[in-house]
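Quick look at model_38.pdb (PDB, C-alpha atoms):
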```pdb
ATOM      1  CA  MET A  57     -56.666 107.401 -96.464  1.00  0.00           C
ATOM      2  CA  MET A  58     -57.457 106.266-100.022  1.00  0.00           C
ATOM      3  CA  ASN A  59     -60.235 106.829-102.543  1.00  0.00           C
ATOM      4  CA  ILE A  60     -61.696 103.430-103.424  1.00  0.00           C
ATOM      5  CA  LEU A  61     -63.823 103.054-106.562  1.00  0.00           C
ATOM      6  CA  CYS A  62     -65.790 100.056-107.765  1.00  0.00           C
ATOM      7  CA  VAL A  63     -67.234 100.361-111.278  1.00  0.00           C
ATOM      8  CA  ALA A  64     -69.820  97.737-112.188  1.00  0.00           C
ATOM      9  CA  ALA A  65     -72.211  97.265-115.061  1.00  0.00           C
ATOM     10  CA  HIS A  66     -75.449  96.616-113.179  1.00  0.00           C
ATOM     11  CA  PRO A  67     -77.082  97.298-109.826  1.00  0.00           C
ATOM     12  CA  ASP A  68     -76.257  94.332-107.520  1.00  0.00           C
ATOM     13  CA  ASP A  69     -73.019  93.361-109.362  1.00  0.00           C
ATOM     14  CA  ILE A  70     -70.974  95.127-106.680  1.00  0.00           C
ATOM     15  CA  GLU A  71     -72.876  93.502-103.844  1.00  0.00           C
ATOM     16  CA  ILE A  72     -72.364  90.049-105.355  1.00  0.00           C
ATOM     17  CA  LEU A  73     -68.672  90.412-106.203  1.00  0.00           C
ATOM     18  CA  CYS A  74     -67.016  93.123-104.115  1.00  0.00           C
ATOM     19  CA  ALA A  75     -69.185  94.386-101.243  1.00  0.00           C
ATOM     20  CA  GLY A  76     -67.307  92.572 -98.480  1.00  0.00           C
ATOM     21  CA  THR A  77     -64.058  94.203 -99.560  1.00  0.00           C
ATOM     22  CA  LEU A  78     -65.657  97.650 -99.896  1.00  0.00           C
ATOM     23  CA  ALA A  79     -67.181  97.281 -96.425  1.00  0.00           C
ATOM     24  CA  ARG A  80     -63.716  96.604 -95.029  1.00  0.00           C
ATOM     25  CA  TYR A  81     -62.302  99.703 -96.729  1.00  0.00           C
ATOM     26  CA  ALA A  82     -65.172 101.810 -95.397  1.00  0.00           C
ATOM     27  CA  ALA A  83     -64.689 100.492 -91.866  1.00  0.00           C
ATOM     28  CA  GLU A  84     -61.029 101.485 -92.057  1.00  0.00           C
ATOM     29  CA  GLY A  85     -62.008 105.065 -92.910  1.00  0.00           C
ATOM     30  CA  HIS A  86     -61.334 105.127 -96.647  1.00  0.00           C
ATOM     31  CA  GLN A  87     -63.651 106.978 -99.046  1.00  0.00           C
ATOM     32  CA  VAL A  88     -65.636 104.382-101.005  1.00  0.00           C
ATOM     33  CA  THR A  89     -67.474 105.148-104.247  1.00  0.00           C
ATOM     34  CA  MET A  90     -69.791 102.696-105.977  1.00  0.00           C
ATOM     35  CA  ALA A  91     -70.357 103.491-109.664  1.00  0.00           C
ATOM     36  CA  ILE A  92     -73.155 101.691-111.529  1.00  0.00           C
ATOM     37  CA  PHE A  93     -72.782 102.170-115.272  1.00  0.00           C
ATOM     38  CA  THR A  94     -76.247 101.051-116.438  1.00  0.00           C
ATOM     39  CA  SER A  95     -79.678 101.576-114.941  1.00  0.00           C
ATOM     40  CA  GLY A  96     -80.416  97.842-114.824  1.00  0.00           C
ATOM     41  CA  ASN A  97     -83.713  98.639-116.535  1.00  0.00           C
ATOM     42  CA  MET A  98     -83.907  95.351-118.464  1.00  0.00           C
ATOM     43  CA  GLY A  99     -83.562  93.125-115.414  1.00  0.00           C
ATOM     44  CA  ASP A 100     -87.161  91.956-115.121  1.00  0.00           C
ATOM     45  CA  ALA A 101     -89.581  90.141-117.412  1.00  0.00           C
ATOM     46  CA  VAL A 102     -92.660  92.040-116.126  1.00  0.00           C
ATOM     47  CA  ILE A 103     -91.730  95.488-114.723  1.00  0.00           C
ATOM     48  CA  ARG A 104     -91.432  98.133-117.432  1.00  0.00           C
ATOM     49  CA  PRO A 105     -87.886  99.464-118.026  1.00  0.00           C
ATOM     50  CA  GLU A 106     -88.577 103.067-117.003  1.00  0.00           C
ATOM     51  CA  GLU A 107     -90.138 101.964-113.717  1.00  0.00           C
ATOM     52  CA  LEU A 108     -87.454  99.382-113.035  1.00  0.00           C
ATOM     53  CA  ALA A 109     -84.676 101.934-113.547  1.00  0.00           C
ATOM     54  CA  GLU A 110     -86.098 104.063-110.723  1.00  0.00           C
ATOM     55  CA  ILE A 111     -86.500 101.053-108.451  1.00  0.00           C
ATOM     56  CA  ARG A 112     -82.981  99.856-109.035  1.00  0.00           C
ATOM     57  CA  GLU A 113     -81.437 103.257-108.407  1.00  0.00           C
ATOM     58  CA  GLU A 114     -83.261 103.481-105.070  1.00  0.00           C
ATOM     59  CA  GLU A 115     -82.059  99.981-104.173  1.00  0.00           C
ATOM     60  CA  SER A 116     -78.473 100.856-105.076  1.00  0.00           C
ATOM     61  CA  ARG A 117     -78.528 104.033-103.010  1.00  0.00           C
ATOM     62  CA  ALA A 118     -79.855 102.090-100.018  1.00  0.00           C
ATOM     63  CA  ALA A 119     -77.076  99.505-100.372  1.00  0.00           C
ATOM     64  CA  ALA A 120     -74.358 102.142-100.670  1.00  0.00           C
ATOM     65  CA  GLY A 121     -75.754 103.944 -97.639  1.00  0.00           C
ATOM     66  CA  LEU A 122     -75.200 100.895 -95.440  1.00  0.00           C
ATOM     67  CA  ILE A 123     -71.426 101.445 -95.622  1.00  0.00           C
ATOM     68  CA  GLY A 124     -71.485 105.212 -96.137  1.00  0.00           C
ATOM     69  CA  ALA A 125     -70.379 104.901 -99.756  1.00  0.00           C
ATOM     70  CA  LYS A 126     -70.980 107.504-102.441  1.00  0.00           C
ATOM     71  CA  LEU A 127     -73.041 106.316-105.422  1.00  0.00           C
ATOM     72  CA  ILE A 128     -72.418 107.409-109.022  1.00  0.00           C
ATOM     73  CA  TRP A 129     -75.303 106.485-111.325  1.00  0.00           C
ATOM     74  CA  GLY A 130     -74.288 106.196-114.993  1.00  0.00           C
ATOM     75  CA  GLY A 131     -77.796 105.577-116.330  1.00  0.00           C
ATOM     76  CA  VAL A 132     -76.759 103.832-119.558  1.00  0.00           C
ATOM     77  CA  MET A 133     -79.429 101.484-120.935  1.00  0.00           C
ATOM     78  CA  ASP A 134     -79.019  97.967-119.577  1.00  0.00           C
ATOM     79  CA  GLU A 135     -77.715  95.446-122.161  1.00  0.00           C
ATOM     80  CA  HIS A 136     -76.409  98.333-124.290  1.00  0.00           C
ATOM     81  CA  VAL A 137     -72.845  98.931-123.080  1.00  0.00           C
ATOM     82  CA  PHE A 138     -70.367  99.452-125.914  1.00  0.00           C
ATOM     83  CA  PRO A 139     -66.792 100.770-125.880  1.00  0.00           C
ATOM     84  CA  ASP A 140     -67.681 103.791-128.013  1.00  0.00           C
ATOM     85  CA  ARG A 141     -66.820 107.486-127.790  1.00  0.00           C
ATOM     86  CA  GLU A 142     -69.934 108.574-125.876  1.00  0.00           C
ATOM     87  CA  GLN A 143     -69.619 105.901-123.222  1.00  0.00           C
ATOM     88  CA  ARG A 144     -65.879 106.472-122.892  1.00  0.00           C
ATOM     89  CA  ARG A 145     -66.569 110.140-122.132  1.00  0.00           C
ATOM     90  CA  LEU A 146     -68.987 109.049-119.415  1.00  0.00           C
ATOM     91  CA  MET A 147     -66.434 106.649-117.947  1.00  0.00           C
ATOM     92  CA  ILE A 148     -63.731 109.328-117.937  1.00  0.00           C
ATOM     93  CA  ASP A 149     -66.010 111.589-115.894  1.00  0.00           C
ATOM     94  CA  ILE A 150     -66.853 108.739-113.494  1.00  0.00           C
ATOM     95  CA  LEU A 151     -63.157 108.145-112.865  1.00  0.00           C
ATOM     96  CA  ARG A 152     -62.505 111.887-112.503  1.00  0.00           C
ATOM     97  CA  GLU A 153     -65.311 112.281-109.976  1.00  0.00           C
ATOM     98  CA  ALA A 154     -63.945 109.476-107.802  1.00  0.00           C
ATOM     99  CA  ASP A 155     -60.219 110.333-108.303  1.00  0.00           C
ATOM    100  CA  PRO A 156     -59.381 106.786-107.193  1.00  0.00           C
ATOM    101  CA  ASP A 157     -56.326 105.213-105.640  1.00  0.00           C
ATOM    102  CA  VAL A 158     -57.813 101.744-106.178  1.00  0.00           C
ATOM    103  CA  ILE A 159     -60.296 100.690-108.887  1.00  0.00           C
ATOM    104  CA  PHE A 160     -62.309  97.466-108.952  1.00  0.00           C
ATOM    105  CA  THR A 161     -64.123  96.448-112.127  1.00  0.00           C
ATOM    106  CA  HIS A 162     -65.192  93.458-114.199  1.00  0.00           C
ATOM    107  CA  SER A 163     -62.829  90.871-115.599  1.00  0.00           C
ATOM    108  CA  PRO A 164     -62.175  90.626-119.363  1.00  0.00           C
ATOM    109  CA  SER A 165     -63.239  86.961-119.144  1.00  0.00           C
ATOM    110  CA  ASP A 166     -66.657  87.671-117.583  1.00  0.00           C
ATOM    111  CA  TYR A 167     -69.733  86.062-119.115  1.00  0.00           C
ATOM    112  CA  HIS A 168     -71.790  89.195-119.805  1.00  0.00           C
ATOM    113  CA  PRO A 169     -70.945  91.696-122.576  1.00  0.00           C
ATOM    114  CA  ASP A 170     -71.994  94.633-120.381  1.00  0.00           C
ATOM    115  CA  HIS A 171     -69.506  93.441-117.769  1.00  0.00           C
ATOM    116  CA  ARG A 172     -66.674  92.955-120.241  1.00  0.00           C
ATOM    117  CA  TYR A 173     -67.229  96.305-121.934  1.00  0.00           C
ATOM    118  CA  VAL A 174     -67.407  98.193-118.626  1.00  0.00           C
ATOM    119  CA  GLY A 175     -64.027  96.699-117.735  1.00  0.00           C
ATOM    120  CA  GLN A 176     -62.737  97.688-121.169  1.00  0.00           C
ATOM    121  CA  LEU A 177     -64.022 101.241-120.747  1.00  0.00           C
ATOM    122  CA  VAL A 178     -62.280 101.533-117.365  1.00  0.00           C
ATOM    123  CA  PHE A 179     -59.043 100.406-119.015  1.00  0.00           C
ATOM    124  CA  ASP A 180     -59.509 102.798-121.956  1.00  0.00           C
ATOM    125  CA  ALA A 181     -60.435 105.794-119.777  1.00  0.00           C
ATOM    126  CA  TYR A 182     -57.660 105.220-117.254  1.00  0.00           C
ATOM    127  CA  PHE A 183     -55.123 107.725-118.592  1.00  0.00           C
ATOM    128  CA  GLN A 184     -57.665 110.178-120.027  1.00  0.00           C
ATOM    129  CA  LYS A 185     -58.993 110.866-116.543  1.00  0.00           C
ATOM    130  CA  GLY A 186     -55.795 112.763-115.824  1.00  0.00           C
ATOM    131  CA  LEU A 187     -55.393 114.590-119.163  1.00  0.00           C
ATOM    132  CA  PRO A 188     -56.847 118.126-118.933  1.00  0.00           C
ATOM    133  CA  HIS A 189     -57.514 118.746-122.640  1.00  0.00           C
ATOM    134  CA  ILE A 190     -59.754 115.787-123.526  1.00  0.00           C
ATOM    135  CA  PRO A 191     -62.680 117.445-125.361  1.00  0.00           C
ATOM    136  CA  ASP A 192     -66.327 117.387-124.281  1.00  0.00           C
ATOM    137  CA  GLN A 193     -65.722 116.273-120.696  1.00  0.00           C
ATOM    138  CA  GLN A 194     -67.981 117.564-117.919  1.00  0.00           C
ATOM    139  CA  LEU A 195     -65.410 117.359-115.113  1.00  0.00           C
ATOM    140  CA  PRO A 196     -61.819 118.613-114.808  1.00  0.00           C
ATOM    141  CA  ALA A 197     -58.947 116.169-114.886  1.00  0.00           C
ATOM    142  CA  CYS A 198     -57.926 114.384-111.701  1.00  0.00           C
ATOM    143  CA  ARG A 199     -54.598 112.777-110.863  1.00  0.00           C
ATOM    144  CA  PHE A 200     -52.820 111.209-113.849  1.00  0.00           C
ATOM    145  CA  GLY A 201     -52.233 107.466-113.726  1.00  0.00           C
ATOM    146  CA  HIS A 202     -51.617 106.487-110.122  1.00  0.00           C
ATOM    147  CA  ALA A 203     -54.542 104.139-109.425  1.00  0.00           C
ATOM    148  CA  GLN A 204     -54.183 100.383-109.092  1.00  0.00           C
ATOM    149  CA  VAL A 205     -56.799  98.351-110.966  1.00  0.00           C
ATOM    150  CA  TYR A 206     -58.222  95.021-109.783  1.00  0.00           C
ATOM    151  CA  PHE A 207     -60.573  92.729-111.661  1.00  0.00           C
ATOM    152  CA  MET A 208     -63.429  91.256-109.644  1.00  0.00           C
ATOM    153  CA  ASP A 209     -64.322  87.581-109.685  1.00  0.00           C
ATOM    154  CA  ASN A 210     -66.608  86.176-112.372  1.00  0.00           C
ATOM    155  CA  LEU A 211     -70.067  84.943-111.398  1.00  0.00           C
ATOM    156  CA  GLY A 212     -69.612  81.344-110.331  1.00  0.00           C
ATOM    157  CA  GLY A 213     -65.857  81.800-110.486  1.00  0.00           C
ATOM    158  CA  ILE A 214     -65.854  80.354-114.017  1.00  0.00           C
ATOM    159  CA  GLY A 215     -62.613  80.992-115.903  1.00  0.00           C
ATOM    160  CA  PHE A 216     -61.201  83.191-113.128  1.00  0.00           C
ATOM    161  CA  GLN A 217     -58.148  82.414-111.016  1.00  0.00           C
ATOM    162  CA  PRO A 218     -57.652  84.972-108.220  1.00  0.00           C
ATOM    163  CA  THR A 219     -54.137  86.192-107.533  1.00  0.00           C
ATOM    164  CA  GLU A 220     -55.105  88.064-104.352  1.00  0.00           C
ATOM    165  CA  TYR A 221     -57.817  87.484-101.777  1.00  0.00           C
ATOM    166  CA  VAL A 222     -59.579  89.612 -99.174  1.00  0.00           C
ATOM    167  CA  ASP A 223     -60.848  87.960 -95.994  1.00  0.00           C
ATOM    168  CA  ILE A 224     -64.489  89.086 -95.701  1.00  0.00           C
ATOM    169  CA  SER A 225     -65.451  86.790 -92.828  1.00  0.00           C
ATOM    170  CA  ALA A 226     -66.157  89.781 -90.582  1.00  0.00           C
ATOM    171  CA  SER A 227     -67.942  91.761 -93.307  1.00  0.00           C
ATOM    172  CA  PHE A 228     -69.985  88.970 -94.877  1.00  0.00           C
ATOM    173  CA  GLU A 229     -73.137  89.901 -92.938  1.00  0.00           C
ATOM    174  CA  ILE A 230     -73.026  93.496 -94.189  1.00  0.00           C
ATOM    175  CA  LYS A 231     -72.429  92.131 -97.706  1.00  0.00           C
ATOM    176  CA  LYS A 232     -75.663  90.129 -97.379  1.00  0.00           C
ATOM    177  CA  LYS A 233     -77.528  93.176 -96.059  1.00  0.00           C
ATOM    178  CA  MET A 234     -76.320  95.226 -99.015  1.00  0.00           C
ATOM    179  CA  LEU A 235     -77.467  92.545-101.447  1.00  0.00           C
ATOM    180  CA  ALA A 236     -80.825  92.322 -99.643  1.00  0.00           C
ATOM    181  CA  CYS A 237     -81.476  95.957-100.618  1.00  0.00           C
ATOM    182  CA  HIS A 238     -81.927  94.753-104.211  1.00  0.00           C
ATOM    183  CA  LYS A 239     -85.371  93.342-103.539  1.00  0.00           C
ATOM    184  CA  SER A 240     -86.465  93.592-107.174  1.00  0.00           C
ATOM    185  CA  GLN A 241     -83.861  91.063-108.269  1.00  0.00           C
ATOM    186  CA  PHE A 242     -84.513  88.069-106.059  1.00  0.00           C
ATOM    187  CA  ALA A 243     -87.658  86.908-107.841  1.00  0.00           C
ATOM    188  CA  ALA A 244     -86.322  88.054-111.217  1.00  0.00           C
ATOM    189  CA  MET A 245     -83.094  86.054-110.888  1.00  0.00           C
ATOM    190  CA  GLN A 246     -85.024  83.003-109.768  1.00  0.00           C
ATOM    191  CA  GLN A 247     -87.397  83.333-112.695  1.00  0.00           C
ATOM    192  CA  LEU A 248     -84.917  84.289-115.420  1.00  0.00           C
ATOM    193  CA  ALA A 249     -81.821  82.368-114.308  1.00  0.00           C
ATOM    194  CA  SER A 250     -82.960  79.842-111.662  1.00  0.00           C
ATOM    195  CA  THR A 251     -80.534  81.502-109.258  1.00  0.00           C
ATOM    196  CA  ASP A 252     -80.842  82.133-105.519  1.00  0.00           C
ATOM    197  CA  LEU A 253     -78.674  85.212-104.947  1.00  0.00           C
ATOM    198  CA  PHE A 254     -77.991  84.543-101.253  1.00  0.00           C
ATOM    199  CA  GLU A 255     -76.993  80.960-101.994  1.00  0.00           C
ATOM    200  CA  MET A 256     -74.742  82.121-104.823  1.00  0.00           C
ATOM    201  CA  ILE A 257     -72.748  84.598-102.760  1.00  0.00           C
ATOM    202  CA  ASP A 258     -72.484  82.180 -99.832  1.00  0.00           C
ATOM    203  CA  VAL A 259     -71.142  79.326-101.964  1.00  0.00           C
ATOM    204  CA  GLN A 260     -68.725  81.497-103.907  1.00  0.00           C
ATOM    205  CA  ALA A 261     -67.375  83.357-100.868  1.00  0.00           C
ATOM    206  CA  ARG A 262     -67.007  80.106 -98.958  1.00  0.00           C
ATOM    207  CA  PHE A 263     -65.162  78.469-101.866  1.00  0.00           C
ATOM    208  CA  ARG A 264     -62.795  81.423-102.242  1.00  0.00           C
ATOM    209  CA  GLY A 265     -62.363  81.377 -98.471  1.00  0.00           C
ATOM    210  CA  MET A 266     -61.184  77.768 -98.603  1.00  0.00           C
ATOM    211  CA  ALA A 267     -58.441  78.780-101.032  1.00  0.00           C
ATOM    212  CA  ALA A 268     -57.552  81.843 -98.946  1.00  0.00           C
ATOM    213  CA  GLY A 269     -57.476  80.030 -95.599  1.00  0.00           C
ATOM    214  CA  CYS A 270     -60.437  81.824 -94.024  1.00  0.00           C
ATOM    215  CA  ARG A 271     -64.194  81.412 -93.702  1.00  0.00           C
ATOM    216  CA  TYR A 272     -65.294  83.804 -96.468  1.00  0.00           C
ATOM    217  CA  ALA A 273     -63.228  85.619 -99.090  1.00  0.00           C
ATOM    218  CA  GLU A 274     -63.506  87.641-102.285  1.00  0.00           C
ATOM    219  CA  GLY A 275     -60.964  86.985-105.025  1.00  0.00           C
ATOM    220  CA  PHE A 276     -59.313  89.454-107.402  1.00  0.00           C
ATOM    221  CA  THR A 277     -56.621  89.680-110.040  1.00  0.00           C
ATOM    222  CA  ARG A 278     -54.408  92.740-110.224  1.00  0.00           C
ATOM    223  CA  LEU A 279     -54.000  94.469-113.571  1.00  0.00           C
ATOM    224  CA  ASP A 280     -50.235  94.752-113.984  1.00  0.00           C
ATOM    225  CA  ALA A 281     -49.597  97.370-116.640  1.00  0.00           C
ATOM    226  CA  PHE A 282     -47.261 100.323-117.172  1.00  0.00           C
ATOM    227  CA  GLN A 283     -47.619 102.925-114.381  1.00  0.00           C
ATOM    228  CA  ARG A 284     -50.078 100.709-112.534  1.00  0.00           C
ATOM    229  CA  GLY A 285     -48.033  98.002-110.851  1.00  0.00           C
ATOM    230  CA  LEU A 286     -47.395  98.716-107.196  1.00  0.00           C
ATOM    231  CA  THR A 287     -44.736  97.353-104.892  1.00  0.00           C
ATOM    232  CA  LYS A 288     -47.070  97.156-101.930  1.00  0.00           C
ATOM    233  CA  ARG A 289     -50.428  95.540-101.266  1.00  0.00           C
ATOM    234  CA  VAL A 290     -53.334  97.985-101.269  1.00  0.00           C
ATOM    235  CA  LEU A 291     -56.131  95.502-100.580  1.00  0.00           C
ATOM    236  CA  PRO A 292     -57.382  95.349 -96.985  1.00  0.00           C
TER     237      PRO A 292
END
```
What would the structure in this file look like if it were written as structure tokens?
Amino acid sequence: MMNILCVAAHPDDIEILCAGTLARYAAEGHQVTMAIFTSGNMGDAVIRPEELAEIREEESRAAAGLIGAKLIWGGVMDEHVFPDREQRRLMIDILREADPDVIFTHSPSDYHPDHRYVGQLVFDAYFQKGLPHIPDQQLPACRFGHAQVYFMDNLGGIGFQPTEYVDISASFEIKKKMLACHKSQFAAMQQLASTDLFEMIDVQARFRGMAAGCRYAEGFTRLDAFQRGLTKRVLP
């Protein structure tokens, strides 16, 4: 059995881009961890940030609970992710806590700076997670190297060409249930971005499914880098 980690910038990013795949891993008996780097506290035009942060953490824990996943809550201020020393230390500890065999995170070509910088921090923290003498870390080192990294799709699929697909036809309903836990975001996304979240995930998963030869799919690209390329498929 493997340790599966998905690191995303905001609450609901995982549900939109990777939940069907994580549900498949969980159903197969793997340990799944969902790590949310920011509190999502800026994601509403009316609700105050401190109140929204609490709401969004509760929503994320409910979503993770549907597949028996562990939740790691980073708590960084929404819209304020930067690849600096403090946030790298936090990312190192997130990776150490999960000790992953497989890591999913945001693509370097994603539209949102929080997304891009979270992906960058995962890349930058990758080797430090296994080095025992990195100063000021809260957790001991885990396995060095070892994990395979995959980039998740971009919202709308813009500028992203998957190299591997996961058939989520059987797990699409649980993906929708996980997204439905994020009640605070449905009106906010409609108001701020004229976006229906259920419609968005249905259209994107159906489109990726057409390319993959199934009803619904999630698309990924594998990060091929030194000590990360594998000779076998690790996606479900």
- Query: Restricting the calculation to all atoms listed in the file, which member of A:Ile159, A:Val63, A:Val290, A:Ile214 is positioned closest to A:Met147?
  - Reply: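 Among the listed residues, the smallest separation from A:Met147 belongs to A:Val63.
The neighbours of stretch 270-272 of chain A here are the residues that come within 8 Å of it, using all atoms listed in the file and leaving out any residue fewer than 5 positions away in the same chain; they are Asp223, Ile224, Ser225, Phe228, Ala261, Arg262, Phe263, Arg264 and Gly265 of chain A.
In this comparison, which uses only C-alpha atoms, the residue of A:Gln217, A:Gln204, A:Ser240, A:Gln87 approaching A:Glu110 most closely is A:Ser240.
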- Could you spell out the hits of the PyMOL selection byres ((chain A and resi 237) around 12) on the shown file, as a PyMOL selection string? chain A and resi 67-68+71-72+111-122+230-236+238-242+253-254
- Task: Fewer than 3 positions away in the same chain doesn't count, so skip those; otherwise give me all residues within 12 Å of stretch 177-194 of chain A, counting all atoms listed in the file, as a ChimeraX atom specification.
- Result: /A:61-65,91,93,137-164,169-174,197-207,279-284
- Message: Which residue is closest to A:Glu84? Choose from A:Ser165, A:Asn59, A:Thr219, A:Ser250 and count only C-alpha atoms.
- Response: A:Asn59
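Relative to atom CA of A:Ala226, atom CA of A:Ala267 is found at 17.0 Å.
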- Item | A:Ser227, A:Thr251, A:Gln246, A:Thr277 ranked by distance to A:Ala82, top pick (using all atoms listed in the file) | A:Ser227
- Which neighbours of A:Leu108 fall inside 9 Å, counting all atoms listed in the file, when residues of the same chain fewer than 6 positions from it are skipped, and could you give them as a ChimeraX atom specification? /A:95-100,240
Point (-59.8, 94.5, -103.3) neighbourhood (7 Å, all atoms listed in the file) written as a tab-separated table (two decimals) with C-alpha atoms, in the frame of the given file:
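After the write, result_35.tsv holds the following:
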```tsv
chain	number	residue	atom	x	y	z
A	77	THR	CA	-64.06	94.20	-99.56
A	160	PHE	CA	-62.31	97.47	-108.95
A	206	TYR	CA	-58.22	95.02	-109.78
A	222	VAL	CA	-59.58	89.61	-99.17
A	276	PHE	CA	-59.31	89.45	-107.40
A	291	LEU	CA	-56.13	95.50	-100.58
A	292	PRO	CA	-57.38	95.35	-96.98
```
Because some atoms of stretch 164-171 of chain A are absent here, can you restore all heavy atoms and send them as a PDB file, in the coordinates of the input?
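Contents of part.pdb, as written:
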```
ATOM      1  N   PRO A 164     -62.004  90.802-117.912  1.00  0.00           N
ATOM      2  CA  PRO A 164     -62.175  90.626-119.363  1.00  0.00           C
ATOM      3  C   PRO A 164     -62.765  89.276-119.738  1.00  0.00           C
ATOM      4  O   PRO A 164     -63.292  89.119-120.850  1.00  0.00           O
ATOM      5  CB  PRO A 164     -60.743  90.749-119.901  1.00  0.00           C
ATOM      6  CG  PRO A 164     -59.980  91.477-118.846  1.00  0.00           C
ATOM      7  CD  PRO A 164     -60.607  91.075-117.541  1.00  0.00           C
ATOM      8  N   SER A 165     -62.714  88.295-118.840  1.00  0.00           N
ATOM      9  CA  SER A 165     -63.239  86.961-119.144  1.00  0.00           C
ATOM     10  C   SER A 165     -64.643  86.740-118.604  1.00  0.00           C
ATOM     11  O   SER A 165     -65.143  85.614-118.610  1.00  0.00           O
ATOM     12  CB  SER A 165     -62.304  85.888-118.562  1.00  0.00           C
ATOM     13  OG  SER A 165     -62.246  85.976-117.137  1.00  0.00           O
ATOM     14  N   ASP A 166     -65.310  87.807-118.146  1.00  0.00           N
ATOM     15  CA  ASP A 166     -66.657  87.671-117.583  1.00  0.00           C
ATOM     16  C   ASP A 166     -67.643  87.216-118.653  1.00  0.00           C
ATOM     17  O   ASP A 166     -67.431  87.398-119.843  1.00  0.00           O
ATOM     18  CB  ASP A 166     -67.101  88.997-116.971  1.00  0.00           C
ATOM     19  CG  ASP A 166     -68.139  88.838-115.881  1.00  0.00           C
ATOM     20  OD1 ASP A 166     -69.232  88.321-116.188  1.00  0.00           O
ATOM     21  OD2 ASP A 166     -67.859  89.207-114.733  1.00  0.00           O
ATOM     22  N   TYR A 167     -68.769  86.665-118.205  1.00  0.00           N
ATOM     23  CA  TYR A 167     -69.733  86.062-119.115  1.00  0.00           C
ATOM     24  C   TYR A 167     -70.620  87.059-119.841  1.00  0.00           C
ATOM     25  O   TYR A 167     -71.180  86.761-120.897  1.00  0.00           O
ATOM     26  CB  TYR A 167     -70.638  85.081-118.336  1.00  0.00           C
ATOM     27  CG  TYR A 167     -71.816  85.750-117.645  1.00  0.00           C
ATOM     28  CD1 TYR A 167     -73.112  85.641-118.141  1.00  0.00           C
ATOM     29  CD2 TYR A 167     -71.622  86.532-116.493  1.00  0.00           C
ATOM     30  CE1 TYR A 167     -74.186  86.263-117.519  1.00  0.00           C
ATOM     31  CE2 TYR A 167     -72.687  87.146-115.870  1.00  0.00           C
ATOM     32  CZ  TYR A 167     -73.965  87.007-116.380  1.00  0.00           C
ATOM     33  OH  TYR A 167     -75.011  87.640-115.762  1.00  0.00           O
ATOM     34  N   HIS A 168     -70.790  88.260-119.284  1.00  0.00           N
ATOM     35  CA  HIS A 168     -71.790  89.195-119.805  1.00  0.00           C
ATOM     36  C   HIS A 168     -71.104  90.310-120.588  1.00  0.00           C
ATOM     37  O   HIS A 168     -70.132  90.902-120.104  1.00  0.00           O
ATOM     38  CB  HIS A 168     -72.579  89.799-118.646  1.00  0.00           C
ATOM     39  CG  HIS A 168     -73.867  90.443-119.060  1.00  0.00           C
ATOM     40  ND1 HIS A 168     -73.916  91.542-119.876  1.00  0.00           N
ATOM     41  CD2 HIS A 168     -75.163  90.142-118.770  1.00  0.00           C
ATOM     42  CE1 HIS A 168     -75.168  91.903-120.064  1.00  0.00           C
ATOM     43  NE2 HIS A 168     -75.946  91.050-119.412  1.00  0.00           N
ATOM     44  N   PRO A 169     -71.590  90.633-121.800  1.00  0.00           N
ATOM     45  CA  PRO A 169     -70.945  91.696-122.576  1.00  0.00           C
ATOM     46  C   PRO A 169     -70.942  93.045-121.871  1.00  0.00           C
ATOM     47  O   PRO A 169     -69.961  93.797-121.986  1.00  0.00           O
ATOM     48  CB  PRO A 169     -71.751  91.744-123.879  1.00  0.00           C
ATOM     49  CG  PRO A 169     -73.021  91.012-123.600  1.00  0.00           C
ATOM     50  CD  PRO A 169     -72.698  90.003-122.553  1.00  0.00           C
ATOM     51  N   ASP A 170     -72.009  93.376-121.138  1.00  0.00           N
ATOM     52  CA  ASP A 170     -71.994  94.633-120.381  1.00  0.00           C
ATOM     53  C   ASP A 170     -70.842  94.650-119.386  1.00  0.00           C
ATOM     54  O   ASP A 170     -70.173  95.676-119.202  1.00  0.00           O
ATOM     55  CB  ASP A 170     -73.314  94.822-119.620  1.00  0.00           C
ATOM     56  CG  ASP A 170     -74.451  95.312-120.496  1.00  0.00           C
ATOM     57  OD1 ASP A 170     -74.235  95.525-121.712  1.00  0.00           O
ATOM     58  OD2 ASP A 170     -75.560  95.478-119.973  1.00  0.00           O
ATOM     59  N   HIS A 171     -70.600  93.522-118.730  1.00  0.00           N
ATOM     60  CA  HIS A 171     -69.506  93.441-117.769  1.00  0.00           C
ATOM     61  C   HIS A 171     -68.163  93.634-118.471  1.00  0.00           C
ATOM     62  O   HIS A 171     -67.323  94.421-118.033  1.00  0.00           O
ATOM     63  CB  HIS A 171     -69.509  92.076-117.074  1.00  0.00           C
ATOM     64  CG  HIS A 171     -70.682  91.846-116.179  1.00  0.00           C
ATOM     65  ND1 HIS A 171     -70.702  90.823-115.257  1.00  0.00           N
ATOM     66  CD2 HIS A 171     -71.868  92.476-116.059  1.00  0.00           C
ATOM     67  CE1 HIS A 171     -71.852  90.836-114.598  1.00  0.00           C
ATOM     68  NE2 HIS A 171     -72.577  91.830-115.082  1.00  0.00           N
TER      69      HIS A 171
END
```
